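Shown next: input-v3.cif, containing mmCIF, C-alpha atoms.
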```cif
data_input
loop_
_atom_site.group_PDB
_atom_site.id
_atom_site.type_symbol
_atom_site.label_atom_id
_atom_site.label_comp_id
_atom_site.auth_asym_id
_atom_site.auth_seq_id
_atom_site.Cartn_x
_atom_site.Cartn_y
_atom_site.Cartn_z
ATOM 1 C CA MET K 1 -34.897 9.556 -3.037
ATOM 2 C CA ASP K 2 -32.414 7.407 -4.955
ATOM 3 C CA LYS K 3 -30.507 4.935 -2.726
ATOM 4 C CA VAL K 4 -27.053 6.345 -3.606
ATOM 5 C CA ASP K 5 -28.243 9.932 -2.921
ATOM 6 C CA LYS K 6 -29.599 8.817 0.454
ATOM 7 C CA TYR K 7 -26.324 7.055 1.348
ATOM 8 C CA ARG K 8 -24.310 10.111 0.251
ATOM 9 C CA GLU K 9 -26.352 12.305 2.605
ATOM 10 C CA ILE K 10 -25.984 9.885 5.530
ATOM 11 C CA ILE K 11 -22.197 9.636 5.058
ATOM 12 C CA GLN K 12 -21.729 13.396 4.742
ATOM 13 C CA GLN K 13 -23.785 13.945 7.890
ATOM 14 C CA LEU K 14 -21.781 11.358 9.893
ATOM 15 C CA ILE K 15 -18.453 12.791 8.704
ATOM 16 C CA GLN K 16 -19.527 16.351 9.473
ATOM 17 C CA GLN K 17 -20.616 15.341 12.985
ATOM 18 C CA GLU K 18 -17.223 13.667 13.590
ATOM 19 C CA TYR K 19 -15.452 16.712 12.112
ATOM 20 C CA ALA K 20 -17.431 19.138 14.293
ATOM 21 C CA GLY K 21 -16.461 17.114 17.387
ATOM 22 C CA ASP K 22 -12.885 18.182 16.556
ATOM 23 C CA ARG K 23 -11.187 16.170 19.260
ATOM 24 C CA TYR K 24 -7.833 16.489 17.474
ATOM 25 C CA THR K 25 -6.714 19.946 18.472
ATOM 26 C CA ILE K 26 -2.968 20.075 17.832
ATOM 27 C CA LYS K 27 -2.204 23.694 16.938
ATOM 28 C CA ASP K 28 -0.613 23.371 13.502
ATOM 29 C CA VAL K 29 -2.687 20.433 12.261
ATOM 30 C CA ASP K 30 -5.646 21.022 9.899
ATOM 31 C CA ARG K 31 -8.490 18.550 9.509
ATOM 32 C CA GLU K 32 -9.516 18.432 5.869
ATOM 33 C CA LEU K 33 -12.998 17.362 4.814
ATOM 34 C CA ILE K 34 -12.677 15.723 1.396
ATOM 35 C CA PHE K 35 -15.956 15.045 -0.443
ATOM 36 C CA ASP K 36 -15.666 13.664 -3.981
ATOM 37 C CA THR K 37 -19.423 13.516 -4.612
ATOM 38 C CA LYS K 38 -18.978 12.474 -8.261
ATOM 39 C CA ASN K 39 -16.939 9.314 -7.570
ATOM 40 C CA HIS K 40 -18.312 8.851 -4.032
ATOM 41 C CA HIS K 41 -15.218 9.108 -1.846
ATOM 42 C CA TYR K 42 -15.631 10.813 1.557
ATOM 43 C CA GLN K 43 -12.786 11.447 3.999
ATOM 44 C CA ILE K 44 -11.339 13.320 6.949
ATOM 45 C CA VAL K 45 -7.545 13.748 6.671
ATOM 46 C CA ASN K 46 -5.173 15.346 9.207
ATOM 47 C CA VAL K 47 -2.447 17.487 7.625
ATOM 48 C CA GLY K 48 0.086 19.656 9.439
ATOM 49 C CA TRP K 49 3.033 19.900 11.763
ATOM 50 C CA GLU K 50 3.956 18.891 15.274
ATOM 51 C CA GLY K 51 7.005 21.083 15.677
ATOM 52 C CA ASP K 52 9.277 20.074 12.785
ATOM 53 C CA ARG K 53 7.549 16.717 12.391
ATOM 54 C CA CYS K 54 5.335 16.259 9.377
ATOM 55 C CA ILE K 55 1.824 14.981 10.324
ATOM 56 C CA TYR K 56 -0.273 13.261 7.665
ATOM 57 C CA GLY K 57 -3.010 10.728 8.185
ATOM 58 C CA CYS K 58 -6.482 9.653 7.223
ATOM 59 C CA VAL K 59 -9.005 9.723 10.074
ATOM 60 C CA LEU K 60 -12.061 8.345 8.297
ATOM 61 C CA HIS K 61 -12.825 7.151 4.768
ATOM 62 C CA PHE K 62 -16.135 5.973 3.284
ATOM 63 C CA ASP K 63 -16.880 5.032 -0.341
ATOM 64 C CA ILE K 64 -20.113 4.171 -2.124
ATOM 65 C CA LYS K 65 -19.615 1.330 -4.611
ATOM 66 C CA GLU K 66 -22.313 -0.725 -6.315
ATOM 67 C CA GLU K 67 -25.012 0.757 -4.033
ATOM 68 C CA LYS K 68 -23.151 -0.325 -0.883
ATOM 69 C CA ILE K 69 -21.284 1.776 1.702
ATOM 70 C CA TRP K 70 -17.655 0.755 2.199
ATOM 71 C CA LEU K 71 -15.950 1.782 5.449
ATOM 72 C CA GLN K 72 -12.440 1.897 3.986
ATOM 73 C CA TYR K 73 -10.609 3.334 6.991
ATOM 74 C CA ASN K 74 -11.600 4.182 10.556
ATOM 75 C CA GLY K 75 -8.937 5.794 12.746
ATOM 76 C CA THR K 76 -11.466 6.741 15.437
ATOM 77 C CA GLU K 77 -12.868 4.911 18.458
ATOM 78 C CA ILE K 78 -16.424 5.150 17.056
ATOM 79 C CA ASP K 79 -18.199 2.133 15.550
ATOM 80 C CA PHE K 80 -19.273 3.785 12.283
ATOM 81 C CA ALA K 81 -20.846 0.580 10.976
ATOM 82 C CA GLU K 82 -23.224 0.745 13.932
ATOM 83 C CA GLU K 83 -23.820 4.464 13.258
ATOM 84 C CA LEU K 84 -24.785 3.623 9.648
ATOM 85 C CA VAL K 85 -27.240 0.992 10.888
ATOM 86 C CA LYS K 86 -28.765 3.554 13.302
ATOM 87 C CA ALA K 87 -29.163 5.941 10.334
ATOM 88 C CA GLY K 88 -31.214 3.317 8.496
ATOM 89 C CA VAL K 89 -28.644 1.516 6.304
ATOM 90 C CA PRO K 90 -29.275 -2.268 6.250
ATOM 91 C CA HIS K 91 -26.392 -4.519 7.387
ATOM 92 C CA GLN K 92 -26.080 -6.136 3.944
ATOM 93 C CA ASP K 93 -25.338 -2.717 2.366
ATOM 94 C CA ILE K 94 -22.345 -2.080 4.672
ATOM 95 C CA VAL K 95 -18.876 -3.423 3.824
ATOM 96 C CA ILE K 96 -16.372 -3.008 6.655
ATOM 97 C CA ARG K 97 -12.790 -3.026 5.497
ATOM 98 C CA HIS K 98 -11.282 -1.378 8.563
ATOM 99 C CA LEU K 99 -12.358 -1.469 12.190
ATOM 100 C CA GLN K 100 -12.182 1.214 14.835
ATOM 101 C CA LYS K 101 -9.118 1.032 17.096
ATOM 102 C CA SER K 102 -10.894 -0.388 20.149
ATOM 103 C CA LYS K 103 -12.186 -3.372 18.136
ATOM 104 C CA ILE K 104 -8.721 -4.038 16.689
ATOM 105 C CA LYS K 105 -7.354 -4.079 20.241
ATOM 106 C CA SER K 106 -9.976 -6.494 21.522
ATOM 107 C CA ILE K 107 -9.370 -8.868 18.601
ATOM 108 C CA LEU K 108 -5.631 -8.754 19.245
ATOM 109 C CA ILE K 109 -6.098 -9.425 22.945
ATOM 110 C CA HIS K 110 -8.179 -12.444 21.998
ATOM 111 C CA LYS K 111 -5.659 -13.710 19.428
ATOM 112 C CA LEU K 112 -2.597 -13.093 21.630
ATOM 113 C CA SER K 113 -4.204 -14.829 24.598
ATOM 114 C CA ILE K 114 -4.120 -17.999 22.470
ATOM 115 C CA ILE K 115 -0.406 -17.558 21.692
ATOM 116 C CA SER K 116 0.896 -16.186 24.991
ATOM 117 C CA PRO K 117 -0.105 -16.640 28.635
ATOM 118 C CA TYR K 118 1.299 -13.178 29.495
ATOM 119 C CA CYS K 119 -0.976 -10.184 29.783
ATOM 120 C CA LEU K 120 -0.238 -7.342 27.336
ATOM 121 C CA LEU K 121 -1.595 -3.831 27.767
ATOM 122 C CA PRO K 122 -3.721 -2.675 24.778
ATOM 123 C CA ASP K 123 -1.283 0.104 23.800
ATOM 124 C CA GLU K 124 1.492 -2.441 23.432
ATOM 125 C CA LEU K 125 -0.554 -4.493 20.995
ATOM 126 C CA LEU K 126 -0.525 -2.478 17.770
ATOM 127 C CA PRO K 127 3.245 -2.789 17.082
ATOM 128 C CA VAL K 128 3.008 -6.465 18.021
ATOM 129 C CA ALA K 129 0.221 -6.844 15.448
ATOM 130 C CA SER K 130 2.284 -5.628 12.549
ATOM 131 C CA PHE K 131 5.218 -7.750 13.747
ATOM 132 C CA LEU K 132 3.087 -10.858 13.768
ATOM 133 C CA GLU K 133 1.339 -9.759 10.553
ATOM 134 C CA MET K 134 -2.011 -10.556 12.078
ATOM 135 C CA SER K 135 -5.194 -9.845 10.272
ATOM 136 C CA ILE K 136 -6.735 -6.778 11.853
ATOM 137 C CA GLY K 137 -9.388 -6.096 9.246
ATOM 138 C CA PHE K 138 -12.686 -7.599 8.315
ATOM 139 C CA HIS K 139 -11.281 -9.675 5.490
ATOM 140 C CA SER K 140 -10.495 -12.674 7.645
ATOM 141 C CA PRO K 141 -13.079 -15.418 8.127
ATOM 142 C CA PHE K 142 -12.312 -15.083 11.884
ATOM 143 C CA MET K 143 -14.022 -11.671 11.994
ATOM 144 C CA ARG K 144 -16.690 -12.187 9.398
ATOM 145 C CA GLN K 145 -18.313 -15.142 11.141
ATOM 146 C CA PHE K 146 -19.647 -12.910 13.933
ATOM 147 C CA THR K 147 -21.655 -10.385 11.892
ATOM 148 C CA GLU K 148 -24.368 -9.813 9.340
ATOM 149 C CA TYR K 149 -22.358 -7.219 7.389
ATOM 150 C CA ALA K 150 -21.556 -7.597 3.692
ATOM 151 C CA VAL K 151 -18.229 -9.109 2.614
ATOM 152 C CA SER K 152 -15.702 -7.329 0.374
ATOM 153 C CA MET H 1 -8.539 31.280 -17.495
ATOM 154 C CA ASP H 2 -8.786 31.900 -13.762
ATOM 155 C CA LYS H 3 -5.600 30.942 -11.842
ATOM 156 C CA VAL H 4 -7.351 28.403 -9.605
ATOM 157 C CA ASP H 5 -9.053 26.759 -12.624
ATOM 158 C CA LYS H 6 -5.669 26.518 -14.355
ATOM 159 C CA TYR H 7 -4.028 24.977 -11.266
ATOM 160 C CA ARG H 8 -6.925 22.514 -10.901
ATOM 161 C CA GLU H 9 -6.410 21.349 -14.486
ATOM 162 C CA ILE H 10 -2.630 20.980 -14.035
ATOM 163 C CA ILE H 11 -3.038 18.958 -10.827
ATOM 164 C CA GLN H 12 -5.699 16.671 -12.290
ATOM 165 C CA GLN H 13 -3.520 16.048 -15.345
ATOM 166 C CA LEU H 14 -0.436 15.208 -13.213
ATOM 167 C CA ILE H 15 -2.440 12.889 -10.941
ATOM 168 C CA GLN H 16 -4.061 11.141 -13.899
ATOM 169 C CA GLN H 17 -0.641 10.596 -15.525
ATOM 170 C CA GLU H 18 0.688 9.081 -12.276
ATOM 171 C CA TYR H 19 -2.484 6.975 -11.926
ATOM 172 C CA ALA H 20 -2.251 5.732 -15.530
ATOM 173 C CA GLY H 21 1.371 4.649 -14.883
ATOM 174 C CA ASP H 22 -0.151 2.165 -12.409
ATOM 175 C CA ARG H 23 3.122 0.826 -11.086
ATOM 176 C CA TYR H 24 1.372 -0.544 -7.983
ATOM 177 C CA THR H 25 -0.105 -3.775 -9.250
ATOM 178 C CA ILE H 26 -0.877 -5.901 -6.191
ATOM 179 C CA LYS H 27 -3.909 -7.978 -7.150
ATOM 180 C CA ASP H 28 -6.448 -7.027 -4.463
ATOM 181 C CA VAL H 29 -5.408 -3.369 -4.086
ATOM 182 C CA ASP H 30 -7.437 -0.607 -5.779
ATOM 183 C CA ARG H 31 -6.011 2.809 -6.557
ATOM 184 C CA GLU H 32 -8.687 5.417 -5.915
ATOM 185 C CA LEU H 33 -8.628 8.788 -7.660
ATOM 186 C CA ILE H 34 -10.235 11.291 -5.284
ATOM 187 C CA PHE H 35 -11.042 14.714 -6.764
ATOM 188 C CA ASP H 36 -12.905 17.153 -4.507
ATOM 189 C CA THR H 37 -13.100 19.969 -7.084
ATOM 190 C CA LYS H 38 -15.265 22.149 -4.825
ATOM 191 C CA ASN H 39 -12.834 22.303 -1.886
ATOM 192 C CA HIS H 40 -9.741 21.624 -4.030
ATOM 193 C CA HIS H 41 -8.394 18.375 -2.600
ATOM 194 C CA TYR H 42 -6.833 15.909 -5.071
ATOM 195 C CA GLN H 43 -5.495 12.471 -4.122
ATOM 196 C CA ILE H 44 -4.500 8.956 -5.075
ATOM 197 C CA VAL H 45 -5.182 6.437 -2.275
ATOM 198 C CA ASN H 46 -4.380 2.700 -2.224
ATOM 199 C CA VAL H 47 -7.098 0.563 -0.636
ATOM 200 C CA GLY H 48 -7.237 -3.218 -0.480
ATOM 201 C CA TRP H 49 -5.767 -6.437 0.796
ATOM 202 C CA GLU H 50 -2.469 -8.283 0.700
ATOM 203 C CA GLY H 51 -3.720 -11.691 1.773
ATOM 204 C CA ASP H 52 -5.395 -11.032 5.158
ATOM 205 C CA ARG H 53 -3.463 -7.807 5.694
ATOM 206 C CA CYS H 54 -5.385 -4.574 5.342
ATOM 207 C CA ILE H 55 -3.659 -2.114 2.929
ATOM 208 C CA TYR H 56 -4.499 1.601 3.204
ATOM 209 C CA GLY H 57 -2.336 4.512 2.203
ATOM 210 C CA CYS H 58 -2.215 7.835 0.456
ATOM 211 C CA VAL H 59 0.077 7.916 -2.595
ATOM 212 C CA LEU H 60 -0.252 11.562 -3.568
ATOM 213 C CA HIS H 61 -2.170 14.563 -2.224
ATOM 214 C CA PHE H 62 -2.393 18.109 -3.597
ATOM 215 C CA ASP H 63 -4.554 20.994 -2.317
ATOM 216 C CA ILE H 64 -5.195 24.469 -3.693
ATOM 217 C CA LYS H 65 -5.336 27.063 -0.897
ATOM 218 C CA GLU H 66 -5.195 30.849 -1.280
ATOM 219 C CA GLU H 67 -4.226 30.525 -4.981
ATOM 220 C CA LYS H 68 -1.215 28.336 -4.163
ATOM 221 C CA ILE H 69 -0.676 24.617 -4.789
ATOM 222 C CA TRP H 70 0.170 22.628 -1.665
ATOM 223 C CA LEU H 71 1.931 19.282 -2.094
ATOM 224 C CA GLN H 72 0.537 17.731 1.109
ATOM 225 C CA TYR H 73 1.841 14.199 0.626
ATOM 226 C CA ASN H 74 4.102 12.499 -1.898
ATOM 227 C CA GLY H 75 4.624 8.755 -1.511
ATOM 228 C CA THR H 76 6.234 8.428 -4.951
ATOM 229 C CA GLU H 77 9.797 8.819 -6.205
ATOM 230 C CA ILE H 78 8.738 11.664 -8.542
ATOM 231 C CA ASP H 79 9.592 15.297 -7.788
ATOM 232 C CA PHE H 80 6.094 16.717 -8.261
ATOM 233 C CA ALA H 81 7.196 20.236 -7.315
ATOM 234 C CA GLU H 82 9.495 20.124 -10.328
ATOM 235 C CA GLU H 83 6.641 18.717 -12.468
ATOM 236 C CA LEU H 84 4.451 21.674 -11.419
ATOM 237 C CA VAL H 85 7.206 24.106 -12.413
ATOM 238 C CA LYS H 86 7.519 22.369 -15.821
ATOM 239 C CA ALA H 87 3.739 22.796 -16.250
ATOM 240 C CA GLY H 88 4.105 26.553 -15.777
ATOM 241 C CA VAL H 89 3.431 27.069 -12.048
ATOM 242 C CA PRO H 90 5.812 29.657 -10.549
ATOM 243 C CA HIS H 91 7.975 28.524 -7.585
ATOM 244 C CA GLN H 92 6.343 31.031 -5.236
ATOM 245 C CA ASP H 93 2.920 29.416 -5.828
ATOM 246 C CA ILE H 94 4.127 25.961 -4.715
ATOM 247 C CA VAL H 95 4.145 24.956 -1.044
ATOM 248 C CA ILE H 96 5.915 21.662 -0.377
ATOM 249 C CA ARG H 97 4.843 19.983 2.824
ATOM 250 C CA HIS H 98 6.088 16.525 1.967
ATOM 251 C CA LEU H 99 8.990 15.382 -0.174
ATOM 252 C CA GLN H 100 9.305 12.376 -2.427
ATOM 253 C CA LYS H 101 11.012 9.377 -0.826
ATOM 254 C CA SER H 102 14.363 9.784 -2.617
ATOM 255 C CA LYS H 103 14.747 13.358 -1.297
ATOM 256 C CA ILE H 104 13.916 12.256 2.247
ATOM 257 C CA LYS H 105 16.622 9.598 1.971
ATOM 258 C CA SER H 106 19.244 12.028 0.705
ATOM 259 C CA ILE H 107 18.473 14.483 3.516
ATOM 260 C CA LEU H 108 18.746 11.702 6.079
ATOM 261 C CA ILE H 109 22.059 10.530 4.645
ATOM 262 C CA HIS H 110 23.304 14.096 4.976
ATOM 263 C CA LYS H 111 22.022 14.490 8.546
ATOM 264 C CA LEU H 112 23.209 11.064 9.731
ATOM 265 C CA SER H 113 26.654 11.595 8.243
ATOM 266 C CA ILE H 114 27.033 14.440 10.756
ATOM 267 C CA ILE H 115 26.017 12.188 13.690
ATOM 268 C CA SER H 116 27.657 8.914 12.705
ATOM 269 C CA PRO H 117 30.784 8.011 10.764
ATOM 270 C CA TYR H 118 29.223 4.652 9.732
ATOM 271 C CA CYS H 119 27.659 4.238 6.334
ATOM 272 C CA LEU H 120 23.928 3.329 6.369
ATOM 273 C CA LEU H 121 22.126 1.965 3.351
ATOM 274 C CA PRO H 122 19.153 4.144 2.262
ATOM 275 C CA ASP H 123 16.552 1.465 3.090
ATOM 276 C CA GLU H 124 17.781 1.363 6.675
ATOM 277 C CA LEU H 125 17.225 5.082 7.091
ATOM 278 C CA LEU H 126 13.447 5.494 7.295
ATOM 279 C CA PRO H 127 12.958 3.637 10.619
ATOM 280 C CA VAL H 128 16.033 5.455 11.969
ATOM 281 C CA ALA H 129 14.365 8.733 11.007
ATOM 282 C CA SER H 130 11.264 8.162 13.077
ATOM 283 C CA PHE H 131 13.402 6.937 15.986
ATOM 284 C CA LEU H 132 15.471 10.105 15.944
ATOM 285 C CA GLU H 133 12.347 12.180 15.226
ATOM 286 C CA MET H 134 14.172 14.035 12.511
ATOM 287 C CA SER H 135 12.447 16.573 10.385
ATOM 288 C CA ILE H 136 11.781 14.994 7.035
ATOM 289 C CA GLY H 137 9.457 17.649 5.641
ATOM 290 C CA PHE H 138 9.902 21.077 4.241
ATOM 291 C CA HIS H 139 8.977 22.855 7.444
ATOM 292 C CA SER H 140 12.510 22.969 8.774
ATOM 293 C CA PRO H 141 14.726 25.941 8.021
ATOM 294 C CA PHE H 142 17.385 23.357 7.031
ATOM 295 C CA MET H 143 15.409 22.414 3.923
ATOM 296 C CA ARG H 144 13.857 25.735 3.095
ATOM 297 C CA GLN H 145 17.144 27.577 2.745
ATOM 298 C CA PHE H 146 17.989 25.705 -0.468
ATOM 299 C CA THR H 147 14.931 26.567 -2.560
ATOM 300 C CA GLU H 148 12.744 29.261 -4.016
ATOM 301 C CA TYR H 149 9.478 27.501 -3.101
ATOM 302 C CA ALA H 150 6.840 29.119 -0.894
ATOM 303 C CA VAL H 151 6.785 28.447 2.853
ATOM 304 C CA SER H 152 3.796 26.972 4.706
#
```
Please re-express this file's structure in structure tokens.
Amino acid sequence: MDKVDKYREIIQQLIQQEYAGDRYTIKDVDRELIFDTKNHHYQIVNVGWEGDRCIYGCVLHFDIKEEKIWLQYNGTEIDFAEELVKAGVPHQDIVIRHLQKSKIKSILIHKLSIISPYCLLPDELLPVASFLEMSIGFHSPFMRQFTEYAVS
Amino acid sequence: MDKVDKYREIIQQLIQQEYAGDRYTIKDVDRELIFDTKNHHYQIVNVGWEGDRCIYGCVLHFDIKEEKIWLQYNGTEIDFAEELVKAGVPHQDIVIRHLQKSKIKSILIHKLSIISPYCLLPDELLPVASFLEMSIGFHSPFMRQFTEYAVS
């Protein structure tokens, strides 16, 4: 099987597993599976209402570009890079652009502990991150030094 | 031509026009065109970097469901419902779930003018909106009463 076909199958299977888990069960919110198999974009997007409030947000987004898998967005707690490795994708074919929430939190705890001696609870960290304009992705040399994954 | 085929063509044309305009020209940010023609999801998504900061966001998202066009997300200043009408789609086949930014601002100005006698500049309104948890979509009876569009 062609490498891109194999990667397409792996991604679709991972996304469908996550979708089937269906942990997001707000009544008026739909989870959309979006598979653009021609241009290789694969997503889960939440669309709906919480009362009168408009809900819209990507949950998960993979692309295939130049025979590599790009994890463009990961709004879950699951380490999908690790899941790709388990499914047989080599580290050097995985480009991580966005980490799962728990990893973002642990990086922020590490970075904030350098700046401040006070303890911050993880849930308080995400607004602080955008305020401080910290790097929370894989683009920074700080993150990249620890892994074997490809670099965007 | 089948109605759904016609709507698919209209949506793809509108999205491609918006994409070709390419007003978002930050160096390391890609605009992705995502067309899932099987399940009828059509998007533009921005993906990239601003220095070390991870950029990810939907610009535009249409769906076709039950022979109607759903404007799921509109992060532009263009009134795409009006563009659909110009392209020959009847009002009753258009479901607006998300308004363009300028309409959100004008609704907020209207709503805030009831609460506060002070004048707020439009750019100050969006954070105020989330704080007050105001309805900024088309789900509220407040918005729906003014139009002929379909209701979600």
Original post:
Between K:Val47, K:Ile78, K:Ala20, K:Ile10, which one has atoms that come closest to chain H, using all atoms listed in the file?
Top reply: K:Val47
**OP:** Taking the file as shown, find all residues satisfying the PyMOL selection byres ((chain K and resi 48) around 6) and write them as a list in words.
**Re:** Asp28, Val29, Asp30, Val47, Trp49 and Ile55 of chain K
Original post:
What does the distance from atom CA of Phe35 of chain H to atom CA of Lys6 of chain K come to in Å, to one decimal?
Top reply: 20.8 Å
Original post:
Just how far from atom CA of Ile15 of chain H is atom CA of Asn39 of chain H, in Å to one decimal?
Top reply: 16.7 Å
Original post:
Skipping near chain neighbours, those fewer than 5 positions away, what residues fall within 6 Å of His61 of chain H using only C-alpha atoms, listed as a list in words?
Top reply: Tyr42, Gln43, Gln72 and Tyr73 of chain H
Export, as a CSV table (one decimal), in the coordinates of the input, the selected residues with C-alpha atoms.
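For reference, part26.csv as written:
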```csv
chain,number,residue,atom,x,y,z
H,42,TYR,CA,-6.8,15.9,-5.1
H,43,GLN,CA,-5.5,12.5,-4.1
H,72,GLN,CA,0.5,17.7,1.1
H,73,TYR,CA,1.8,14.2,0.6
```
Original post:
From the set H:Gln12, H:Gln17, H:Asn46, H:Gln92, which residue has the shortest atom-to-atom contact distance to chain K, counting all atoms listed in the file?
Top reply: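 Among the listed residues, H:Asn46 lies closest to chain K.
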Subject >> Within 9 Å of Leu71 of chain K using only C-alpha atoms, minus same-chain residues under 5 positions, as a PyMOL selection string >> reply: chain K and resi 60-64+80-81+94-99
**OP:** Counting only C-alpha atoms, select every polymer residue within 12 Å of (-12.4, 16.3, 14.4) as defined in the file's coordinates, and provide the selection as a count of residues only.
**Re:** 27
Original post:
With only C-alpha atoms as the basis for distance, which of H:Asp2, H:Glu9, H:Asp36, H:Glu77 is at the shortest distance from chain K?
Top reply: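 Ranked by minimum distance to chain K, first place goes to H:Asp36.
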Original post:
So how far away is atom CA of Ala87 of chain H from atom CA of Thr37 of chain H, in Å?
Top reply: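 Atom-to-atom, atom CA of Thr37 of chain H to atom CA of Ala87 of chain H, that is 19.4 Å.
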Subject >> Distance criterion (all atoms listed in the file): nearest to chain K out of H:Lys65, H:Lys86, H:Arg53, H:His91 >> reply: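 Under the stated criterion, the closest residue is H:Arg53.
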Original post:
Pick the closest to chain H from K:Glu67, K:Glu50, K:Glu83, K:Asp93: which is it, counting all atoms listed in the file?
Top reply: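 Closest to chain H of all the choices is K:Glu50.
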